[in-house]
Structures are given as C-alpha cells and as structure tokens.
Amino acid sequence: MQLSNKGSIATALAGATCALLGQSPAHAETETSMLKDWKFDTAILYYGETDRVSLAEGVISATKTNDDDSIFNVKLVLDTLTGASANGAVAQPTVQTFSRPSGKDSYQVAAGETPLDDTFRDTRVQLASSWMQPFADTWRGTAGFNVSKEYDYMSLGVNGLLEKDLFQRNTTLSAGLSYQFDSIDPVGGKPTPLSSMMIPADYDDEFEDEGEGEDDDHGSGNNSGEDKTTLDMLFGVTQVINRRMLMQFNYGLSLVDGYTTDPYKVLSVINTNGVTQDLIYENRPDTRTKHSFFWQTKYAMDNGVVDLSYRFATDDWDINSHTIDSRLRFNLSDNSYIQPHVRYYQQSAADFYQPYLNQSDELPMYASADYRVGEMAAYTLGLKYGRKLDNGHEWAVRAEYYQQDPKNAGFAQPGVLADLDLYPSVKAVILQFNYHF
Amino acid sequence: MKRKALYVSVLIALSQLGGCASLGVQPWERDLLAKDEMALGAEGIDLGLDDHIYFSKEATSGGRSFAGGGCGCN
C-alpha cells in the first residue's frame with residue numbers, strides 16, 4: 001500500500017513537472033528513450049611545449065546505435081594554437097632578423113638561440129560524421145566525411161570502409177578508401193620556392209604583436225593558394241586468437257599529390273665559416289607515396305588489458321619510421337583503473353632534408369631544414385586514471401610527457417656552428433580530461 | 001633489394017594468416033573479448049587527439065586508420 005502510494009506520488013510529481021514544462025508524460029518518455037540510444041564522448045586537451053607551441057583542443061562526439069545495429073556518429077573538434085615554431089634557420093653566434101609571414105615586419109632571434117617564429121596563432125574547426133551499416137549478416141559498410149577549416153588551411157574528405165566477418169566472426173577482413181582534398185592559402189602569399197626571404201628594412205617593435213591574421217602580399221611570393229590531394233587505401237585483417245587475445249594487421253598505401261611544402265619554413269645559406277649569408281624558402285617534392293604496416297594486439301588479463309602496437313612506415317622521400325605504442329590497463333576495482341602509456345618513435349631523414357645549405361654548392365631542386373622531416377627519435381610517457389560512476393557515466397584524466405630528440409644525420413657543423421646546438425630537443429606536456437555519458 | 005625483402009616478409013606474414021581458420025573462439029567464449037576496453041578502437045577520442053598531435057610533429061601518420069591530409073600544423 002505504502003509502495004503504491006509512493007508510486008502515485010511519483011506519478012503525480014512527474015505529471016506536475018510535465019505540466020510545468022508543457023509536455024505530456026508520454027512525450028517526455030519518448031524523449032528519454034530517444035536520448036537513451038545516444039552516447040556522448042567529450043574531452044578537453046592541453047598540449048604545451050616549453051617555449052614553443054601550445055594547443056587547447058575540445059572534442060564532442062555523439063554516437064547513436066539504431067535497432068538494426070547501424071551506428072551513426074558525428075564529431076566536432078575545436079582547437080586553438082598559439083606560440084612559436086622553429087622556422088628552419090640555424091642558430092648563429094649573433095642576433096638574427098627574420099621577416100614575419102606577412103612580409104610586413106620582422107622579428108629578432110638572440111645569439112645562440114634556435115630561430116623560432118612566434119607568429120603562429122590559429123583556430124581550427126573540424127566536423128566529421130560517419131554511418132556504419134551491417135548487411136547480409138556478416139558484412140558492414142561505413143561511409144564518412146570530414147571538413148576542417150583553419151585561417152590559412154581547408155581540408156575536405158570522404159572515406160569508405162567495407163568489412164567482412166568470417167569463421168564465426170573470428171576473422172574480419174577490411175578494405176577502406178579515403179580521399180582528402182586540402183587547400184592552403186599562406187599568409188602573405190605562397191613564397192617562390194628557394195627564393196630569398198626579404199627582410200623588411202625597418203625593424204620596429206611596434207609591429208611585434210601582429211599575427212598571422214594579416215593577409216598582406218608577401219614581397220617575394222604570389223598570392224595564389226595551393227592544393228594537395230591524398231588518396232589512402234587501407235587493407236586489414238583482424239583475428240581472434242583465443243579467449244583472451246585478438247590481433248590486427250593493416251597495410252596502408254597513401255598517395256599524396258600537390259603542395260607539400262611548408263610555406264613558412266626557410267633554410268640558412270652559410271659560408272665556409274658557418275655564418276649565414278642568405279635565407280631561402282624551402283621546397284618539397286609535389287608527390288609522396290607512403291606505405292605503412294601496422295600490427296596491434298590486445299590481451300585480456302584477469303584485472304586489465306594489454307594493448308601493444310607496432311608500425312613500420314616507409315615512403316619515397318626516404319623517410320622510414322618505427323613506432324611502438326603500449327597501453328597497460330590495470331583495474332583497481334570494478335569501476336576504476338589506471339593505465340600507463342609508453343610510446344617510442346624513430347624516423348630517418350627525408351632525402352632532401354638539410355640543416356643548412358652551403359653557399360658554394362649549387363641550389364638543389366628540393367630542400368627543407370624542417371626538423372620534422374629530419375632524423376629524430378621521440379618518446380611519450382603517460383598515465384591515465386579512469387572512473388565509472390554509479391549512473392553509468394565515466395570520467396578519466398590523462399597526463400603525458402612527450403619529448404622529441406632531433407639527431408644529426410651526418411651533416412658537418414663548420415666554423416661558428418660547431419659550438420651551437422642545431423638539434424635542440426622539444427619537450428611537451430599533454431593534459432586531458434574525458435567525460436562519457 | 002631491401003624493398004624486395006620487405007615485400008617477401010609481408011607475403012610470408014600474410015600467408016600465415018591462412019592458418020587463422022583454426023584459431024578463434026566459440027560464440028560463448030567471448031566474455032572477455034566483448035568488454036568495451038578490448039575493442040581495438042577503444043578510447044577512440046584519445047587516439048584521435050594523439051593522431052592530431054603526432055601528425056603535426058612527426059613525418060609519419062596513419063597505420064591504425066587512414067593517414068589523411070588535414071591541418072597545416074606547425
């Protein structure tokens with residue numbers, strides 16, 4: 001009796017609430033059950049390098065699973081980037097002056113310091129969506145698109161994936177195709193490849209704060225934007241090994257065609273004593289063919305999960321890379337876990353990478369001093385803690401340390417360069433908070 | 001030559017997968033594999049954020065999924 005009384009009080013309250021909100025109880029119920037099928041993943045991330053770039057990024061991803069097991073996902077990413085980035089020039093024992101991307105004013109770099117362009121400031125919005133449809137019992141098809149926009153960059157893409165389950169769903173074969181169209185409209189126009197950077201005559205502190213938001217003509221460049229297309233193919237096999245282990249192997253082929261140059265990067269042209277005589281804009285080949293081999297295995301322990309992956313990638317720029325990534329999840333209780341993360345990455349230099357150019361040598365067709373296409377090792381160490389709440393929601397927090405150690409791929413450091421650090425490490429912290437509901 | 005050796009080793013690795021039909025589990029043995037954290041793409045949000053960071057700081061991208069085009073990151 002008491003129980004039913006409580007029930008009728010609850011019903012009355014619900015009715016009153018609905019009346020206040022101006023909707024019928026039945027309507028409210030429908031809305032709740034509609035939202036019940038939706039899952040939301042949200043995250044905010046901070047990435048900060050010592051003295052260089054910092055990035056704040058927010059993600060919201062909504063997923064709906066339908067009655068026929070088809071899945072709809074939509075994801076919105078917003079990020080904002082500020083700070084300084086290596087411009088490619090070598091350090092010098094004297095103060096150096098560089099032009100800002102706008103070409104209108106300049107900035108100075110202290111003696112012995114790695115030249116960093118502190119103009120970078122950008123906001124990016126990305127929207128991606130996909131639909132996965134199971135059919136004919138053992139097949140799944142996924143189609144998706146993505147759009148991303150920054151101040152000087154725009155990216156549009158479509159992708160499709162076909163999956164087939166075999167052997168009581170113990171084996172899954174997959175084949176995917178993605179086509180991406182990118183368009184860059186560099187601030188100050190696209191510089192002429194391998195042309196000299198013009199330094200504005202009057203260095204004036206007043207203009208120091210002018211950002212990339214300026215859209216003026218660059219002295220030596222033209223104003224047309226440039227395009228790039230990327231065609232990706234991905235073939236995969238996923239295999240259940242036993243009750244605790246599954247494995248995946250992927251082969252990826254990526255064909256890049258178009259403007260791959262970084263319009264904001266330069267190279268120093270030095271004399272035999274290592275002193276900079278000129279600064280010229282970099283130039284990269286307009287095609288790139290990449291192959292990647294990716295292997296991942298997951299193992300269920302009694303109180304956690306081992307996730308280990310290895311990737312080998314090679315391309316016709318002569319960049320070979322190895323990546324090992326491992327995450328070990330330890331369940332602390334039924335509703336909480338900690339997860340250490342270790343990642344190691346190593347790459348060889350592109351065949352056109354040079355930390356500087358010699359004045360006495362002929363200009364090569366392609367050259368870049370961007371350390372990101374040079375020889376490098378990098379590692380990440382991280383820890384994540386996650387907790388599931390009584391209402392089924394989950395939150396997690398992650399802290400990581402990332403360090404890049406560029407290496408000398410056998411280049412001499414003549415004269416004044418001998419005592420300077422041409423390959424400084426880049427150190428960054430990553431902080432992230434996730435909420436799932 | 002080096003490339004040829006690579007292709008051969010990949011072919012050998014792929015041919016081994018032919019034997020996979022004998023691997024695997026029965027549908028009622030999927031209790032552990034069915035857990036959310038055992039999905040290959042578990043923590044998809046983290047993986048996406050990591051991809052964005054490493055894409056803009058390193059020369060290689062993709063492998064797990066499409067290498068993609070995307071940002072003109074600095």
# chains A, B, ... in the order shown; residues from 1 in each chain; ligands from 1

call {"tool": "residues_around", "arguments": {"residues": "Leu40 in chain B", "least_positions_apart": "5", "cutoff": "9 Å", "atoms": "only C-alpha atoms", "output": "NGL selection string"}}
result
:A and (246-248 or 296-298 or 307)

call {"tool": "residues_around", "arguments": {"residues": "Glu29 in chain B", "least_positions_apart": "4", "cutoff": "12 Å", "atoms": "only C-alpha atoms", "output": "mmCIF file with C-alpha atoms, in the first residue's frame"}}
result
data_model
loop_
_atom_site.group_PDB
_atom_site.id
_atom_site.type_symbol
_atom_site.label_atom_id
_atom_site.label_comp_id
_atom_site.auth_asym_id
_atom_site.auth_seq_id
_atom_site.Cartn_x
_atom_site.Cartn_y
_atom_site.Cartn_z
ATOM 1 C CA GLN A 168 32.169 -17.461 -36.781
ATOM 2 C CA ASN A 170 36.809 -14.872 -35.596
ATOM 3 C CA VAL A 240 40.652 -13.580 -32.634
ATOM 4 C CA ILE A 241 43.497 -15.759 -31.367
ATOM 5 C CA ASN A 242 41.860 -17.193 -28.279
ATOM 6 C CA ARG A 243 39.502 -16.234 -25.461
ATOM 7 C CA ARG A 244 41.948 -13.554 -24.262
ATOM 8 C CA MET A 245 43.720 -12.274 -27.346
ATOM 9 C CA GLY B 24 39.500 -18.279 -32.614
ATOM 10 C CA VAL B 25 36.778 -18.990 -30.104
ATOM 11 C CA LEU B 33 36.686 -10.105 -25.852
ATOM 12 C CA ALA B 34 33.251 -8.484 -25.607
#

call {"tool": "closest_residue", "arguments": {"among": "A:Thr380, A:Ser195, A:Thr230, A:Asn271", "to": "chain B", "atoms": "only C-alpha atoms"}}
result
A:Thr230

call {"tool": "atom_distance", "arguments": {"atom1": "CA of Gly176 in chain A", "atom2": "CA of Phe293 in chain A"}}
result
14.6 Å

call {"tool": "residues_around", "arguments": {"residues": "Val74 in chain A", "least_positions_apart": "5", "cutoff": "8 Å", "atoms": "only C-alpha atoms", "output": "PyMOL selection string"}}
result
chain A and resi 61-63+127-130

call {"tool": "closest_atom_pairs", "arguments": {"of": "range 318-398 of chain A", "to": "range 46-59 of chain B", "cutoff": "8 Å", "atoms": "only C-alpha atoms", "output": "CSV"}}
result
residue,atom,partner,partner_atom,distance
A:Ile319,CA,B:Ala59,CA,7.6
A:Gln347,CA,B:Ala59,CA,7.6
A:Arg372,CA,B:Glu58,CA,5.4
A:Val373,CA,B:Ala59,CA,5.6

call {"tool": "closest_residue", "arguments": {"among": "A:Tyr371, A:Phe294, A:Tyr379, A:Trp317", "to": "chain B", "atoms": "only C-alpha atoms"}}
result
A:Phe294

call {"tool": "closest_residue", "arguments": {"among": "A:Gly386, A:Gly415, A:Pro200, A:Pro424", "to": "Ser102 in chain A", "atoms": "only C-alpha atoms"}}
result
A:Pro200

call {"tool": "residues_around", "arguments": {"residues": "Ala143 in chain A", "least_positions_apart": "6", "cutoff": "8 Å", "atoms": "only C-alpha atoms", "output": "list in words"}}
result
Ser130, Trp131, Met132, Val158, Asn159, Gly160 and Leu161 of chain A

call {"tool": "residues_around", "arguments": {"residues": "Trp295 in chain A", "least_positions_apart": "6", "cutoff": "12 Å", "atoms": "only C-alpha atoms", "output": "number ranges by chain"}}
result
A: 235-239, 246-252, 307-313, 322-326; B: 10, 13-14, 40, 63-65

call {"tool": "closest_residue", "arguments": {"among": "A:Ser254, A:Phe40, A:Lys164, A:Asp370", "to": "Phe135 in chain A", "atoms": "only C-alpha atoms"}}
result
A:Lys164

call {"tool": "residues_around", "arguments": {"residues": "range 300-303 of chain A", "least_positions_apart": "2", "cutoff": "6 Å", "atoms": "only C-alpha atoms", "output": "PyMOL selection string"}}
result
chain A and resi 244+305+330-331

call {"tool": "write_last_selection", "arguments": {"atoms": "N, CA and C atoms", "output": "mmCIF file, in the first residue's frame"}}
result
data_model
loop_
_atom_site.group_PDB
_atom_site.id
_atom_site.type_symbol
_atom_site.label_atom_id
_atom_site.label_comp_id
_atom_site.auth_asym_id
_atom_site.auth_seq_id
_atom_site.Cartn_x
_atom_site.Cartn_y
_atom_site.Cartn_z
ATOM 1 N N ARG A 244 41.381 -14.759 -24.852
ATOM 2 C CA ARG A 244 41.948 -13.554 -24.262
ATOM 3 C C ARG A 244 42.625 -12.620 -25.268
ATOM 4 N N VAL A 305 43.966 -4.933 -19.263
ATOM 5 C CA VAL A 305 44.152 -5.170 -20.697
ATOM 6 C C VAL A 305 45.549 -4.716 -21.122
ATOM 7 N N PHE A 330 45.218 -1.408 -15.797
ATOM 8 C CA PHE A 330 45.059 -2.194 -14.577
ATOM 9 C C PHE A 330 43.778 -1.755 -13.891
ATOM 10 N N ASN A 331 42.877 -2.677 -13.703
ATOM 11 C CA ASN A 331 41.652 -2.340 -12.990
ATOM 12 C C ASN A 331 41.945 -2.294 -11.495
#

call {"tool": "closest_residue", "arguments": {"among": "A:Leu267, A:Val147, A:Leu422, A:Val342", "to": "Phe98 in chain A", "atoms": "only C-alpha atoms"}}
result
A:Leu267

call {"tool": "residues_around", "arguments": {"residues": "Leu116 in chain A", "least_positions_apart": "6", "cutoff": "9 Å", "atoms": "only C-alpha atoms", "output": "PyMOL selection string"}}
result
chain A and resi 52+84-89+109

call {"tool": "decode", "arguments": {"residues": "range 62-196 of chain A", "atoms": "C-alpha atoms", "output": "compact mmCIF listing (two decimals), in the first residue's frame"}}
result
# COMPACT_ATOMS: atom_id res chain seq x y z
CA ALA A 62 27.87 11.74 -30.34
CA THR A 63 27.08 8.17 -31.31
CA LYS A 64 23.69 6.61 -31.88
CA THR A 65 23.18 2.87 -32.23
CA ASN A 66 19.99 2.03 -34.08
CA ASP A 67 17.73 -1.01 -33.76
CA ASP A 68 19.30 -2.66 -36.81
CA ASP A 69 22.77 -2.22 -35.20
CA SER A 70 23.71 0.53 -37.62
CA ILE A 71 25.75 3.27 -35.96
CA PHE A 72 25.69 6.99 -36.64
CA ASN A 73 28.48 9.20 -35.34
CA VAL A 74 29.09 12.91 -35.51
CA LYS A 75 32.17 14.56 -34.05
CA LEU A 76 33.08 18.19 -33.60
CA VAL A 77 36.63 19.29 -32.77
CA LEU A 78 37.69 22.82 -31.93
CA ASP A 79 41.25 23.79 -31.27
CA THR A 80 43.30 26.90 -30.86
CA LEU A 81 47.04 27.09 -31.29
CA THR A 82 49.45 29.81 -30.25
CA GLY A 83 53.19 30.16 -29.85
CA ALA A 84 56.44 29.73 -31.64
CA SER A 85 57.68 27.18 -34.12
CA ALA A 86 61.20 26.56 -35.48
CA ASN A 87 61.47 28.39 -38.81
CA GLY A 88 64.22 26.11 -40.13
CA ALA A 89 67.16 28.55 -39.96
CA VAL A 90 70.27 27.58 -37.98
CA ALA A 91 71.31 29.33 -34.76
CA GLN A 92 74.09 31.90 -35.09
CA PRO A 93 76.54 33.46 -32.62
CA THR A 94 74.93 36.83 -33.42
CA VAL A 95 71.40 38.27 -33.36
CA GLN A 96 69.35 37.30 -36.45
CA THR A 97 66.45 39.14 -38.06
CA PHE A 98 63.64 37.40 -39.96
CA SER A 99 60.59 38.52 -41.85
CA ARG A 100 57.18 37.63 -40.44
CA PRO A 101 54.93 35.59 -42.77
CA SER A 102 53.03 38.75 -43.64
CA GLY A 103 56.26 40.17 -45.09
CA LYS A 104 55.43 43.49 -43.50
CA ASP A 105 57.60 43.41 -40.42
CA SER A 106 60.27 41.37 -38.76
CA TYR A 107 61.36 39.62 -35.58
CA GLN A 108 64.74 39.06 -34.00
CA VAL A 109 66.31 35.96 -32.50
CA ALA A 110 69.04 36.20 -29.85
CA ALA A 111 72.57 34.92 -30.42
CA GLY A 112 72.89 31.17 -29.90
CA GLU A 113 69.12 30.61 -29.94
CA THR A 114 67.25 28.33 -32.32
CA PRO A 115 65.23 30.68 -34.56
CA LEU A 116 61.56 30.40 -33.66
CA ASP A 117 58.80 32.26 -35.44
CA ASP A 118 56.42 33.32 -32.69
CA THR A 119 53.67 34.45 -35.07
CA PHE A 120 51.67 31.25 -35.02
CA ARG A 121 48.14 31.68 -33.92
CA ASP A 122 45.35 29.65 -35.40
CA THR A 123 41.92 28.27 -34.68
CA ARG A 124 40.68 25.10 -36.28
CA VAL A 125 37.16 23.71 -36.52
CA GLN A 126 36.64 20.16 -37.65
CA LEU A 127 33.42 18.29 -38.28
CA ALA A 128 33.35 14.59 -39.08
CA SER A 129 30.50 12.19 -39.45
CA SER A 130 30.07 8.52 -40.32
CA TRP A 131 27.40 5.88 -40.77
CA MET A 132 28.09 2.19 -40.28
CA GLN A 133 25.55 -0.24 -41.75
CA PRO A 134 25.62 -4.01 -41.19
CA PHE A 135 24.18 -6.07 -44.05
CA ALA A 136 23.86 -9.65 -45.25
CA ASP A 137 24.65 -10.92 -41.74
CA THR A 138 28.45 -10.81 -41.94
CA TRP A 139 29.14 -7.57 -43.80
CA ARG A 140 29.50 -3.97 -42.61
CA GLY A 141 29.86 -0.84 -44.68
CA THR A 142 30.90 2.54 -43.31
CA ALA A 143 30.78 5.86 -45.11
CA GLY A 144 32.04 9.12 -43.70
CA PHE A 145 33.10 12.65 -44.45
CA ASN A 146 35.14 15.31 -42.68
CA VAL A 147 35.62 19.05 -43.06
CA SER A 148 38.28 21.08 -41.33
CA LYS A 149 38.99 24.79 -41.53
CA GLU A 150 41.81 26.95 -40.23
CA TYR A 151 42.71 30.52 -41.09
CA ASP A 152 45.09 29.54 -43.90
CA TYR A 153 44.01 25.93 -44.47
CA MET A 154 40.97 23.99 -45.54
CA SER A 155 40.55 20.25 -45.70
CA LEU A 156 37.67 18.18 -47.12
CA GLY A 157 37.49 14.42 -47.14
CA VAL A 158 35.31 11.41 -47.82
CA ASN A 159 36.01 7.83 -46.80
CA GLY A 160 34.51 4.38 -47.03
CA LEU A 161 35.24 1.07 -45.33
CA LEU A 162 33.97 -2.42 -46.11
CA GLU A 163 34.29 -5.23 -43.56
CA LYS A 164 33.52 -8.94 -43.83
CA ASP A 165 33.38 -11.39 -40.93
CA LEU A 166 34.50 -14.98 -41.48
CA PHE A 167 34.80 -18.16 -39.43
CA GLN A 168 32.17 -17.46 -36.78
CA ARG A 169 33.32 -13.84 -36.69
CA ASN A 170 36.81 -14.87 -35.60
CA THR A 171 38.36 -13.26 -38.67
CA THR A 172 37.45 -9.89 -40.13
CA LEU A 173 38.76 -8.60 -43.44
CA SER A 174 38.55 -4.92 -44.19
CA ALA A 175 39.25 -2.62 -47.12
CA GLY A 176 38.99 1.13 -46.98
CA LEU A 177 39.42 4.11 -49.23
CA SER A 178 39.80 7.76 -48.30
CA TYR A 179 40.13 10.83 -50.47
CA GLN A 180 41.23 14.10 -48.95
CA PHE A 181 41.43 17.49 -50.59
CA ASP A 182 43.47 20.18 -48.82
CA SER A 183 43.86 23.77 -49.79
CA ILE A 184 46.38 26.16 -48.27
CA ASP A 185 46.35 29.89 -48.69
CA PRO A 186 49.55 31.01 -46.95
CA VAL A 187 49.58 34.26 -45.05
CA GLY A 188 51.40 36.77 -47.20
CA GLY A 189 51.02 34.56 -50.28
CA LYS A 190 52.94 31.49 -51.33
CA PRO A 191 56.67 32.22 -51.38
CA THR A 192 58.60 31.34 -54.52
CA PRO A 193 60.43 28.07 -53.72
CA LEU A 194 64.13 28.56 -52.88
CA SER A 195 63.83 32.35 -53.20
CA SER A 196 65.41 34.65 -50.62
